[in-house]
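Enquirer: To be precise about what I am sending: the file is called my_file_39.cif and holds mmCIF, C-alpha atoms and all ligand atoms.
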```cif
data_upload
loop_
_atom_site.label_atom_id
_atom_site.label_comp_id
_atom_site.auth_asym_id
_atom_site.auth_seq_id
_atom_site.Cartn_x
_atom_site.Cartn_y
_atom_site.Cartn_z
CA MET A 1 0.00 0.00 0.00
CA ILE A 2 1.40 3.38 -0.98
CA ILE A 3 0.10 6.31 0.98
CA LYS A 4 0.71 9.39 -1.12
CA LYS A 5 -0.33 12.22 1.10
CA ALA A 6 -2.42 11.81 4.21
CA LYS A 7 -4.87 14.66 4.67
CA LYS A 8 -4.70 16.12 8.13
CA SER A 9 -7.95 17.99 7.64
CA LEU A 10 -9.72 14.64 7.23
CA GLY A 11 -8.06 13.09 10.28
CA GLN A 12 -6.24 10.54 8.17
CA ASN A 13 -4.17 8.16 10.28
CA PHE A 14 -4.34 4.74 8.74
CA LEU A 15 -4.16 1.56 10.78
CA ILE A 16 -1.22 -0.56 9.71
CA ASP A 17 -0.99 -3.09 12.53
CA LYS A 18 -2.58 -6.40 11.48
CA ASN A 19 -2.92 -7.66 15.03
CA ILE A 20 -4.87 -4.64 16.13
CA ILE A 21 -7.03 -4.74 13.02
CA ASN A 22 -7.95 -8.36 13.75
CA LYS A 23 -8.63 -7.59 17.40
CA ILE A 24 -11.02 -4.81 16.43
CA VAL A 25 -12.92 -7.00 14.00
CA LYS A 26 -13.20 -9.78 16.57
CA ILE A 27 -15.07 -7.49 18.94
CA GLY A 28 -17.81 -7.11 16.31
CA ASP A 29 -18.41 -10.88 16.28
CA ILE A 30 -19.67 -10.60 12.70
CA LYS A 31 -21.98 -13.40 11.64
CA LYS A 32 -22.86 -14.27 8.04
CA ASP A 33 -26.25 -12.56 8.08
CA LYS A 34 -24.84 -9.31 9.43
CA THR A 35 -24.78 -5.91 7.78
CA VAL A 36 -21.81 -3.70 8.60
CA LEU A 37 -21.24 0.02 8.13
CA GLU A 38 -17.76 1.46 8.22
CA ILE A 39 -17.14 5.16 8.68
CA GLY A 40 -13.99 6.38 6.93
CA PRO A 41 -12.55 3.17 5.43
CA GLY A 42 -9.43 4.95 4.15
CA TYR A 43 -7.36 2.42 2.18
CA GLY A 44 -9.63 -0.37 3.36
CA ASN A 45 -7.37 -2.17 5.83
CA LEU A 46 -10.12 -2.65 8.38
CA THR A 47 -12.68 -3.11 5.62
CA LYS A 48 -10.84 -6.12 4.21
CA ALA A 49 -10.58 -7.72 7.63
CA ILE A 50 -14.32 -7.20 8.11
CA ALA A 51 -14.97 -8.72 4.68
CA ASN A 52 -13.06 -11.84 5.75
CA MET A 53 -15.85 -12.52 8.24
CA HIS A 54 -18.26 -12.76 5.27
CA PRO A 55 -21.02 -10.42 6.40
CA LYS A 56 -24.07 -10.14 4.19
CA LYS A 57 -23.33 -6.55 3.26
CA ILE A 58 -20.78 -3.83 3.93
CA TYR A 59 -21.44 -0.13 3.52
CA ALA A 60 -18.33 2.02 3.60
CA VAL A 61 -18.69 5.80 3.76
CA GLU A 62 -15.60 7.76 2.72
CA LYS A 63 -15.32 11.51 2.20
CA ASP A 64 -12.01 11.61 0.34
CA LYS A 65 -12.68 11.32 -3.40
CA ASN A 66 -9.25 9.86 -4.15
CA LEU A 67 -9.69 7.16 -1.56
CA VAL A 68 -13.12 6.34 -2.98
CA ILE A 69 -11.50 5.80 -6.38
CA PHE A 70 -8.81 3.65 -4.76
CA LEU A 71 -11.37 1.57 -2.84
CA LYS A 72 -13.63 1.06 -5.84
CA LYS A 73 -10.68 -0.30 -7.77
CA ASN A 74 -9.06 -2.36 -5.06
CA LEU A 75 -12.11 -3.78 -3.35
CA SER A 76 -14.06 -4.53 -6.52
CA PHE A 77 -13.47 -8.24 -5.90
CA LEU A 78 -15.89 -7.97 -2.96
CA LYS A 79 -19.39 -8.38 -4.29
CA ASN A 80 -21.20 -7.39 -1.12
CA ILE A 81 -19.69 -3.95 -0.59
CA GLU A 82 -21.21 -0.58 -1.36
CA ILE A 83 -18.76 2.31 -1.25
CA ILE A 84 -20.55 5.56 -0.58
CA GLU A 85 -18.78 8.81 -1.29
CA GLY A 86 -19.63 11.61 1.11
CA ASP A 87 -19.53 13.17 4.52
CA PHE A 88 -20.79 10.67 7.05
CA MET A 89 -22.62 13.37 9.03
CA LYS A 90 -24.70 14.23 5.96
CA ILE A 91 -25.33 10.64 5.02
CA PHE A 92 -26.33 9.84 8.61
CA LYS A 93 -29.08 12.44 8.37
CA GLN A 94 -30.25 11.63 4.87
CA ARG A 95 -30.15 7.92 4.49
CA ASN A 96 -32.29 5.24 6.08
CA PHE A 97 -30.25 2.21 7.00
CA ASN A 98 -31.66 -1.20 7.78
CA LYS A 99 -32.01 -2.44 11.33
CA ASN A 100 -29.34 -4.23 13.40
CA ILE A 101 -26.28 -2.89 11.67
CA THR A 102 -22.87 -3.07 13.33
CA VAL A 103 -20.93 0.15 12.86
CA PHE A 104 -17.14 0.30 12.77
CA GLY A 105 -15.03 3.43 12.63
CA ASN A 106 -11.50 4.48 13.18
CA LEU A 107 -12.97 7.93 13.32
CA PRO A 108 -11.41 11.10 11.96
CA TYR A 109 -10.34 12.77 15.19
CA ASN A 110 -11.62 16.23 14.41
CA ILE A 111 -15.25 15.08 14.16
CA SER A 112 -15.26 12.00 16.40
CA THR A 113 -17.30 13.51 19.25
CA GLN A 114 -19.70 15.12 16.80
CA ILE A 115 -20.35 11.74 15.17
CA LEU A 116 -20.80 10.02 18.52
CA ALA A 117 -23.19 12.70 19.78
CA ALA A 118 -25.28 12.31 16.62
CA PHE A 119 -25.57 8.56 17.26
CA ALA A 120 -26.36 9.06 20.94
CA LEU A 121 -28.95 11.78 20.49
CA GLN A 122 -30.82 10.74 17.37
CA ASN A 123 -34.57 11.15 17.72
CA LYS A 124 -35.60 7.71 16.65
CA TRP A 125 -34.99 5.13 19.38
CA PRO A 126 -34.21 2.22 19.43
CA PRO A 127 -31.81 3.14 16.66
CA TRP A 128 -31.04 1.26 13.44
CA TYR A 129 -27.65 0.05 14.65
CA ASP A 130 -27.12 -2.61 17.28
CA SER A 131 -23.58 -1.74 18.19
CA LEU A 132 -20.92 0.86 17.52
CA ILE A 133 -17.26 -0.11 17.62
CA LEU A 134 -15.34 3.12 17.49
CA MET A 135 -11.82 4.33 17.98
CA PHE A 136 -11.05 7.62 19.66
CA GLN A 137 -8.08 9.60 20.79
CA LYS A 138 -7.30 8.19 24.23
CA GLU A 139 -8.12 11.49 25.97
CA VAL A 140 -11.52 11.63 24.29
CA ALA A 141 -12.27 8.01 25.24
CA ASP A 142 -11.35 8.85 28.82
CA ARG A 143 -13.90 11.66 28.78
CA ILE A 144 -16.59 9.41 27.34
CA ILE A 145 -16.23 6.81 30.10
CA ALA A 146 -15.41 9.24 32.93
CA LYS A 147 -17.24 8.89 36.23
CA SER A 148 -18.60 11.91 38.05
CA LYS A 149 -16.28 13.62 40.53
CA THR A 150 -13.29 13.13 38.24
CA LYS A 151 -11.46 15.65 36.11
CA ALA A 152 -12.40 14.08 32.81
CA TYR A 153 -16.10 14.02 33.67
CA GLY A 154 -18.27 16.37 31.65
CA ARG A 155 -20.99 16.75 29.05
CA LEU A 156 -19.69 14.01 26.82
CA ALA A 157 -20.00 11.37 29.57
CA VAL A 158 -23.49 12.57 30.50
CA LEU A 159 -24.71 12.52 26.90
CA CYS A 160 -23.21 9.14 26.04
CA ASN A 161 -24.23 7.22 29.17
CA TRP A 162 -27.89 8.12 28.86
CA ARG A 163 -28.78 5.51 26.22
CA PHE A 164 -25.58 3.52 25.76
CA GLU A 165 -23.84 0.70 27.58
CA ILE A 166 -20.23 1.63 27.00
CA LYS A 167 -17.30 -0.73 27.12
CA LYS A 168 -13.60 0.02 26.95
CA HIS A 169 -11.67 -2.67 25.07
CA PHE A 170 -8.02 -1.65 24.75
CA ASN A 171 -5.62 1.17 24.03
CA ILE A 172 -3.79 1.37 20.73
CA THR A 173 -0.39 3.01 20.60
CA LYS A 174 0.41 5.64 18.02
CA ASN A 175 2.89 3.21 16.42
CA CYS A 176 0.00 1.24 14.94
CA PHE A 177 -0.82 4.06 12.52
CA PHE A 178 0.64 5.76 9.51
CA PRO A 179 1.22 8.64 9.61
CA LYS A 180 1.95 8.34 13.29
CA PRO A 181 -0.42 10.56 15.29
CA LYS A 182 0.70 12.55 18.33
CA VAL A 183 -1.48 10.63 20.75
CA ASP A 184 -2.55 7.09 21.55
CA SER A 185 -6.03 5.78 20.83
CA THR A 186 -8.65 3.70 22.62
CA LEU A 187 -11.26 1.34 21.26
CA LEU A 188 -14.72 1.63 22.78
CA SER A 189 -17.98 -0.10 21.96
CA PHE A 190 -21.50 1.17 22.50
CA ARG A 191 -24.72 -0.79 22.76
CA PRO A 192 -28.11 0.89 22.85
CA LYS A 193 -29.65 0.13 26.26
CA GLU A 194 -32.74 -2.06 26.12
CA ILE A 195 -34.50 0.01 28.73
CA ILE A 196 -33.87 3.71 29.06
CA GLN A 197 -34.41 4.55 32.68
CA PHE A 198 -34.86 8.28 32.15
CA ASN A 199 -37.52 9.19 29.68
CA ILE A 200 -36.30 12.44 28.17
CA LYS A 201 -38.62 13.28 25.29
CA ASN A 202 -36.33 15.51 23.30
CA PRO A 203 -32.56 14.83 23.39
CA LYS A 204 -31.98 18.52 22.56
CA ASN A 205 -33.08 19.33 26.10
CA LEU A 206 -30.29 17.18 27.53
CA GLU A 207 -27.85 19.00 25.28
CA ASN A 208 -29.16 22.37 26.49
CA VAL A 209 -29.18 21.51 30.16
CA THR A 210 -25.64 20.12 30.10
CA ARG A 211 -24.37 23.00 28.00
CA VAL A 212 -25.67 25.54 30.51
CA LEU A 213 -24.62 23.67 33.64
CA PHE A 214 -21.14 22.78 32.45
CA SER A 215 -20.45 26.25 31.06
CA ASN A 216 -18.48 27.11 34.17
CA ARG A 217 -16.74 24.06 35.56
CA ARG A 218 -15.04 25.76 38.47
CA LYS A 219 -18.05 27.57 39.80
CA MET A 220 -21.01 26.39 41.82
CA ILE A 221 -24.00 25.53 39.66
CA ASN A 222 -26.45 27.87 41.41
CA LYS A 223 -26.26 30.76 38.91
CA ASN A 224 -26.44 28.57 35.86
CA PHE A 225 -29.23 26.52 37.38
CA ALA A 226 -31.23 29.72 37.79
CA LYS A 227 -30.88 30.30 34.05
CA LEU A 228 -32.77 27.06 33.46
CA PHE A 229 -35.49 27.42 36.10
CA LYS A 230 -37.33 30.49 37.36
CA ASN A 231 -38.05 28.87 40.72
CA SER A 232 -34.63 27.27 40.91
CA THR A 233 -34.44 26.74 44.68
CA ASN A 234 -37.75 24.86 44.69
CA VAL A 235 -36.72 22.67 41.79
CA ALA A 236 -33.39 21.95 43.45
CA GLU A 237 -35.15 20.96 46.62
CA GLU A 238 -37.47 18.60 44.79
CA LEU A 239 -34.43 16.96 43.22
CA SER A 240 -32.42 16.94 46.48
CA LEU A 241 -29.80 18.85 44.56
CA ASN A 242 -27.24 20.96 46.36
CA LEU A 243 -26.76 24.13 44.32
CA ASN A 244 -23.38 24.74 45.90
CA ASN A 245 -21.98 21.77 44.01
CA ARG A 246 -19.76 22.16 41.01
CA PRO A 247 -20.98 20.58 37.77
CA GLU A 248 -18.60 17.61 37.92
CA GLN A 249 -19.94 16.62 41.34
CA LEU A 250 -23.39 15.76 40.00
CA SER A 251 -24.11 12.22 38.80
CA ASN A 252 -25.25 11.28 35.31
CA GLU A 253 -28.64 10.40 36.78
CA MET A 254 -29.00 13.86 38.29
CA TYR A 255 -28.48 15.44 34.87
CA TYR A 256 -31.21 13.24 33.41
CA LYS A 257 -33.58 14.13 36.25
CA ILE A 258 -32.87 17.83 35.83
CA THR A 259 -33.58 17.52 32.11
CA ILE A 260 -36.93 15.84 32.70
CA LYS A 261 -37.92 18.67 35.09
CA TYR A 262 -36.75 21.22 32.54
CA GLU A 263 -38.73 19.55 29.79
CA ASN A 264 -41.90 19.38 31.86
CA LEU A 265 -41.70 23.02 32.84
CA THR A 266 -40.78 24.52 29.49
CA ASN A 267 -42.78 22.49 26.97
N1 LIG B 301 -10.35 3.19 8.72
C1 LIG B 301 -9.11 3.53 8.06
C2 LIG B 301 -8.87 5.05 7.95
C3 LIG B 301 -8.94 5.83 9.23
S1 LIG B 301 -8.49 7.52 9.03
C4 LIG B 301 -7.96 2.86 8.78
O1 LIG B 301 -8.15 2.52 9.94
O2 LIG B 301 -6.90 2.71 8.20
C5 LIG B 301 -10.08 8.30 8.96
C6 LIG B 301 -10.77 8.15 7.62
O3 LIG B 301 -12.00 8.88 7.67
C7 LIG B 301 -10.00 8.72 6.44
O4 LIG B 301 -10.04 7.81 5.39
C8 LIG B 301 -10.75 10.01 6.08
O5 LIG B 301 -10.64 10.37 4.71
C9 LIG B 301 -12.17 9.63 6.46
N2 LIG B 301 -13.06 10.76 6.77
C10 LIG B 301 -12.75 11.96 7.31
N3 LIG B 301 -13.83 12.71 7.51
C11 LIG B 301 -14.89 11.98 7.06
C12 LIG B 301 -16.29 12.21 6.98
N4 LIG B 301 -16.83 13.36 7.40
N5 LIG B 301 -17.09 11.25 6.46
C13 LIG B 301 -16.55 10.07 6.04
N6 LIG B 301 -15.24 9.80 6.09
C14 LIG B 301 -14.41 10.73 6.58
#
```
Go ahead and render the structure in this file as structure tokens.
Ligand code: SAH
Expert:
Amino acid sequence: MIIKKAKKSLGQNFLIDKNIINKIVKIGDIKKDKTVLEIGPGYGNLTKAIANMHPKKIYAVEKDKNLVIFLKKNLSFLKNIEIIEGDFMKIFKQRNFNKNITVFGNLPYNISTQILAAFALQNKWPPWYDSLILMFQKEVADRIIAKSKTKAYGRLAVLCNWRFEIKKHFNITKNCFFPKPKVDSTLLSFRPKEIIQFNIKNPKNLENVTRVLFSNRRKMINKNFAKLFKNSTNVAEELSLNLNNRPEQLSNEMYYKITIKYENLTN
């Protein structure tokens, strides 16, 4: 494989370590009747390993025109693959995929959290995919799985833990990529929860509430809480919420409860 010029703007760091590629595919446990979607296949290293598991169908969404040409030429021997040229974020919004798809992605770093948030907060639930197997910069993965009362805890953890079971699989050193990135990576998988304990009607409200409350990490939440609720002390009392806390001291569950209150009072 000859990599001519990797595009930084598209987060291009290609996986070159066969062991890691096989380990990633194994996590998907791809059966023969499975449909797989890959975000950003690049030169198709992971794609080929997925194809070896003989899924029913593979969709591969790639934004880089040159890579699409490369893939169409080099993967044409695979009869069950559809290479889609475009920006995954656009295709995610436009296209209806079948149910029970397994999604893989060594995500472009610059839009990895944006892609994950779109999956986590889509209106239709249960979603069309049954699991997401995604690679992130290690620091981003740490934020996704962070527990409350830790430094890494923030909006991303609150948003992602609402409807996902999240599992950390392993770290991947920068040496497994070409070009070599500055940071290590982590592989996480996400399964939509069967039962969502907190019935938030509009995911946008969770985005709003967390945006407002985390806007000032070092300060007590009282002022920001008052931006969300007119009668903020009453609401706090009903929730047994101490307004002198800082945003990272609240639990995920508390953010979901606050959002449900917010939704009931504003809509
Ligand atoms: N999966 C490959 C490539 C990972 S690099 C491997 O592991 O080797 C990330 C890939 O995502 C690149 O091929 C890049 O061109 C592609 N990409 C970047 N932004 C994208 C977007 N918005 N939609 C789809 N693909 C994108």
Enquirer: So the first atom is atom CA of Lys48 of chain A and the second is atom CA of Ser112 of chain A; what is the distance between them in Å, to one decimal place?
Expert: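 Between atom CA of Lys48 of chain A and atom CA of Ser112 of chain A the gap works out to 22.3 Å.
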Enquirer: At a cut-off of 8 Å and counting only C-alpha atoms and all ligand atoms, what residues surround ligand LIG 301 (chain B)? Please answer as a PyMOL selection string.
Expert: chain A and resi 7+9-16+21+38-47+61-64+67+85-89+105-109+111+177
Enquirer: Smallest atom-to-atom distance to Ser232 of chain A: which of A:Ile166, A:Lys79, A:Ile258, A:Thr210, using all atoms listed in the file?
Expert: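 Comparing A:Ile166, A:Lys79, A:Ile258, A:Thr210 against Ser232 of chain A, the winner is A:Ile258.
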Enquirer: Counting only C-alpha atoms, figure out which residue out of A:Ile144, A:Leu75, A:Val183, A:Ala152 gets nearest to Lys167 of chain A.
Expert: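 Using only C-alpha atoms, Lys167 of chain A sits closest to A:Ile144.
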Enquirer: Fewer than 3 positions away in the same chain doesn't count, so skip those; otherwise give me all residues within 12 Å of Leu116 of chain A, counting all atoms listed in the file, as a PyMOL selection string.
Expert: chain A and resi 39+88-89+92+103-105+107-113+119-122+132-136+140-141+144+156-157+159-161+163-164+166+188-190
Enquirer: Please, what distance in Å, to one decimal, runs between atom CA of Leu37 of chain A and atom CA of Ile200 of chain A?
Expert: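 One can read the atom CA of Leu37 of chain A to atom CA of Ile200 of chain A distance as 28.0 Å.
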Enquirer: Near Lys257 of chain A, within 12 Å and counting all atoms listed in the file, which residues show up once chain neighbours fewer than 6 positions away are dropped, as a ChimeraX atom specification?
Expert: /A:158,162,197-200,205-206,209-210,235-236,238-241,250-251,263-264
Enquirer: Could you tell me how far atom CA of Pro203 of chain A lies from atom CA of Ile84 of chain A, in Å and to one decimal?
Expert: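 According to the coordinates, atom CA of Pro203 of chain A and atom CA of Ile84 of chain A are separated by 28.4 Å.
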Enquirer: Pick the closest to His169 of chain A from A:Ile24, A:Ala6, A:Ser76, A:Leu71: which is it, counting all atoms listed in the file?
Expert: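 Going through A:Ile24, A:Ala6, A:Ser76, A:Leu71 one by one, the smallest distance to His169 of chain A is for A:Ile24.
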Enquirer: Box along x, y and z, 3 Å on every side, all listed atoms of segment 183-190 of chain A inside: centre and edge lengths in Å to one decimal, as AutoDock Vina command-line options.
Expert:
```
--center_x -11.5 --center_y 5.3 --center_z 21.8 --size_x 26.0 --size_y 16.7 --size_z 8.0
```
Enquirer: Identify, on the basis of all atoms listed in the file, every residue whose closest approach to Ile221 of chain A does not exceed 12 Å; exclude the query and any residue fewer than 6 positions from it along the same chain; express the result as a short mmCIF file (atom, residue, chain, number, x, y, z; two decimals) with C-alpha atoms, in the frame of the given file.
Expert:
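File part05.cif, as written:
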```cif
data_model
loop_
_atom_site.label_atom_id
_atom_site.label_comp_id
_atom_site.auth_asym_id
_atom_site.auth_seq_id
_atom_site.Cartn_x
_atom_site.Cartn_y
_atom_site.Cartn_z
CA VAL A 209 -29.18 21.51 30.16
CA THR A 210 -25.64 20.12 30.10
CA ARG A 211 -24.37 23.00 28.00
CA VAL A 212 -25.67 25.54 30.51
CA LEU A 213 -24.62 23.67 33.64
CA PHE A 214 -21.14 22.78 32.45
CA SER A 215 -20.45 26.25 31.06
CA LYS A 227 -30.88 30.30 34.05
CA LEU A 228 -32.77 27.06 33.46
CA SER A 232 -34.63 27.27 40.91
CA THR A 233 -34.44 26.74 44.68
CA ALA A 236 -33.39 21.95 43.45
CA LEU A 241 -29.80 18.85 44.56
CA ASN A 242 -27.24 20.96 46.36
CA LEU A 243 -26.76 24.13 44.32
CA ASN A 244 -23.38 24.74 45.90
CA ASN A 245 -21.98 21.77 44.01
CA ARG A 246 -19.76 22.16 41.01
CA PRO A 247 -20.98 20.58 37.77
CA GLU A 248 -18.60 17.61 37.92
CA GLN A 249 -19.94 16.62 41.34
CA LEU A 250 -23.39 15.76 40.00
#
```
Enquirer: Using all atoms listed in the file, which of the listed residues (A:Asn22, A:Thr35, A:Lys147, A:Lys93) sits closest to Ile81 of chain A?
Expert: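 Closest to Ile81 of chain A, using all atoms listed in the file: A:Thr35.
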Enquirer: With all atoms listed in the file as the atoms that count, which of A:Arg217, A:Lys124, A:Lys5, A:Lys193 lies nearest to Thr150 of chain A?
Expert: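 Among A:Arg217, A:Lys124, A:Lys5, A:Lys193, it is A:Arg217 that comes nearest to Thr150 of chain A.
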Enquirer: Output segment 97-125 of chain A as a JSON list (two decimals), in the frame of the given file, making sure N, CA and C atoms are there.
Expert:
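The result, stored in rebuild-v4.json:
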```
[["chain", "number", "residue", "atom", "x", "y", "z"],
["A", 97, "PHE", "N", -30.92, 3.50, 7.03],
["A", 97, "PHE", "CA", -30.25, 2.21, 7.00],
["A", 97, "PHE", "C", -31.17, 1.15, 7.59],
["A", 98, "ASN", "N", -30.88, -0.10, 7.22],
["A", 98, "ASN", "CA", -31.66, -1.20, 7.78],
["A", 98, "ASN", "C", -31.40, -1.35, 9.26],
["A", 99, "LYS", "N", -32.17, -2.21, 9.88],
["A", 99, "LYS", "CA", -32.01, -2.44, 11.33],
["A", 99, "LYS", "C", -30.80, -3.35, 11.62],
["A", 100, "ASN", "N", -30.34, -3.29, 12.87],
["A", 100, "ASN", "CA", -29.34, -4.23, 13.40],
["A", 100, "ASN", "C", -27.99, -4.21, 12.70],
["A", 101, "ILE", "N", -27.58, -3.03, 12.32],
["A", 101, "ILE", "CA", -26.28, -2.89, 11.67],
["A", 101, "ILE", "C", -25.19, -2.72, 12.73],
["A", 102, "THR", "N", -24.04, -3.32, 12.48],
["A", 102, "THR", "CA", -22.87, -3.07, 13.33],
["A", 102, "THR", "C", -22.01, -2.00, 12.66],
["A", 103, "VAL", "N", -21.69, -0.98, 13.42],
["A", 103, "VAL", "CA", -20.93, 0.15, 12.86],
["A", 103, "VAL", "C", -19.48, 0.09, 13.35],
["A", 104, "PHE", "N", -18.56, 0.20, 12.42],
["A", 104, "PHE", "CA", -17.14, 0.30, 12.77],
["A", 104, "PHE", "C", -16.62, 1.67, 12.35],
["A", 105, "GLY", "N", -15.66, 2.19, 13.09],
["A", 105, "GLY", "CA", -15.03, 3.43, 12.63],
["A", 105, "GLY", "C", -13.77, 3.76, 13.40],
["A", 106, "ASN", "N", -12.70, 3.87, 12.65],
["A", 106, "ASN", "CA", -11.50, 4.48, 13.18],
["A", 106, "ASN", "C", -11.70, 5.95, 12.80],
["A", 107, "LEU", "N", -12.37, 6.66, 13.70],
["A", 107, "LEU", "CA", -12.97, 7.93, 13.32],
["A", 107, "LEU", "C", -11.93, 9.02, 13.08],
["A", 108, "PRO", "N", -12.23, 9.89, 12.10],
["A", 108, "PRO", "CA", -11.41, 11.10, 11.96],
["A", 108, "PRO", "C", -11.51, 11.90, 13.26],
["A", 109, "TYR", "N", -10.35, 12.21, 13.84],
["A", 109, "TYR", "CA", -10.34, 12.77, 15.19],
["A", 109, "TYR", "C", -11.10, 14.08, 15.32],
["A", 110, "ASN", "N", -11.01, 14.90, 14.28],
["A", 110, "ASN", "CA", -11.62, 16.23, 14.41],
["A", 110, "ASN", "C", -13.14, 16.19, 14.52],
["A", 111, "ILE", "N", -13.78, 15.10, 14.05],
["A", 111, "ILE", "CA", -15.25, 15.08, 14.16],
["A", 111, "ILE", "C", -15.75, 13.87, 14.96],
["A", 112, "SER", "N", -14.85, 13.24, 15.73],
["A", 112, "SER", "CA", -15.26, 12.00, 16.40],
["A", 112, "SER", "C", -16.36, 12.23, 17.43],
["A", 113, "THR", "N", -16.26, 13.30, 18.22],
["A", 113, "THR", "CA", -17.30, 13.51, 19.25],
["A", 113, "THR", "C", -18.61, 13.95, 18.60],
["A", 114, "GLN", "N", -18.50, 14.68, 17.52],
["A", 114, "GLN", "CA", -19.70, 15.12, 16.80],
["A", 114, "GLN", "C", -20.46, 13.90, 16.25],
["A", 115, "ILE", "N", -19.72, 12.95, 15.70],
["A", 115, "ILE", "CA", -20.35, 11.74, 15.17],
["A", 115, "ILE", "C", -20.99, 10.95, 16.31],
["A", 116, "LEU", "N", -20.27, 10.80, 17.40],
["A", 116, "LEU", "CA", -20.80, 10.02, 18.52],
["A", 116, "LEU", "C", -22.05, 10.68, 19.10],
["A", 117, "ALA", "N", -22.03, 12.00, 19.24],
["A", 117, "ALA", "CA", -23.19, 12.70, 19.78],
["A", 117, "ALA", "C", -24.40, 12.51, 18.86],
["A", 118, "ALA", "N", -24.16, 12.52, 17.56],
["A", 118, "ALA", "CA", -25.28, 12.31, 16.62],
["A", 118, "ALA", "C", -25.90, 10.93, 16.81],
["A", 119, "PHE", "N", -25.06, 9.91, 17.01],
["A", 119, "PHE", "CA", -25.57, 8.56, 17.26],
["A", 119, "PHE", "C", -26.34, 8.52, 18.58],
["A", 120, "ALA", "N", -25.78, 9.16, 19.59],
["A", 120, "ALA", "CA", -26.36, 9.06, 20.94],
["A", 120, "ALA", "C", -27.68, 9.82, 21.06],
["A", 121, "LEU", "N", -27.81, 10.88, 20.28],
["A", 121, "LEU", "CA", -28.95, 11.78, 20.49],
["A", 121, "LEU", "C", -29.95, 11.75, 19.35],
["A", 122, "GLN", "N", -29.86, 10.78, 18.46],
["A", 122, "GLN", "CA", -30.82, 10.74, 17.37],
["A", 122, "GLN", "C", -32.23, 10.56, 17.92],
["A", 123, "ASN", "N", -33.20, 11.15, 17.20],
["A", 123, "ASN", "CA", -34.57, 11.15, 17.72],
["A", 123, "ASN", "C", -35.18, 9.77, 17.78],
["A", 124, "LYS", "N", -34.96, 9.02, 16.72],
["A", 124, "LYS", "CA", -35.60, 7.71, 16.65],
["A", 124, "LYS", "C", -34.88, 6.72, 17.56],
["A", 125, "TRP", "N", -35.60, 6.08, 18.45],
["A", 125, "TRP", "CA", -34.99, 5.13, 19.38],
["A", 125, "TRP", "C", -35.94, 3.99, 19.66]]
```
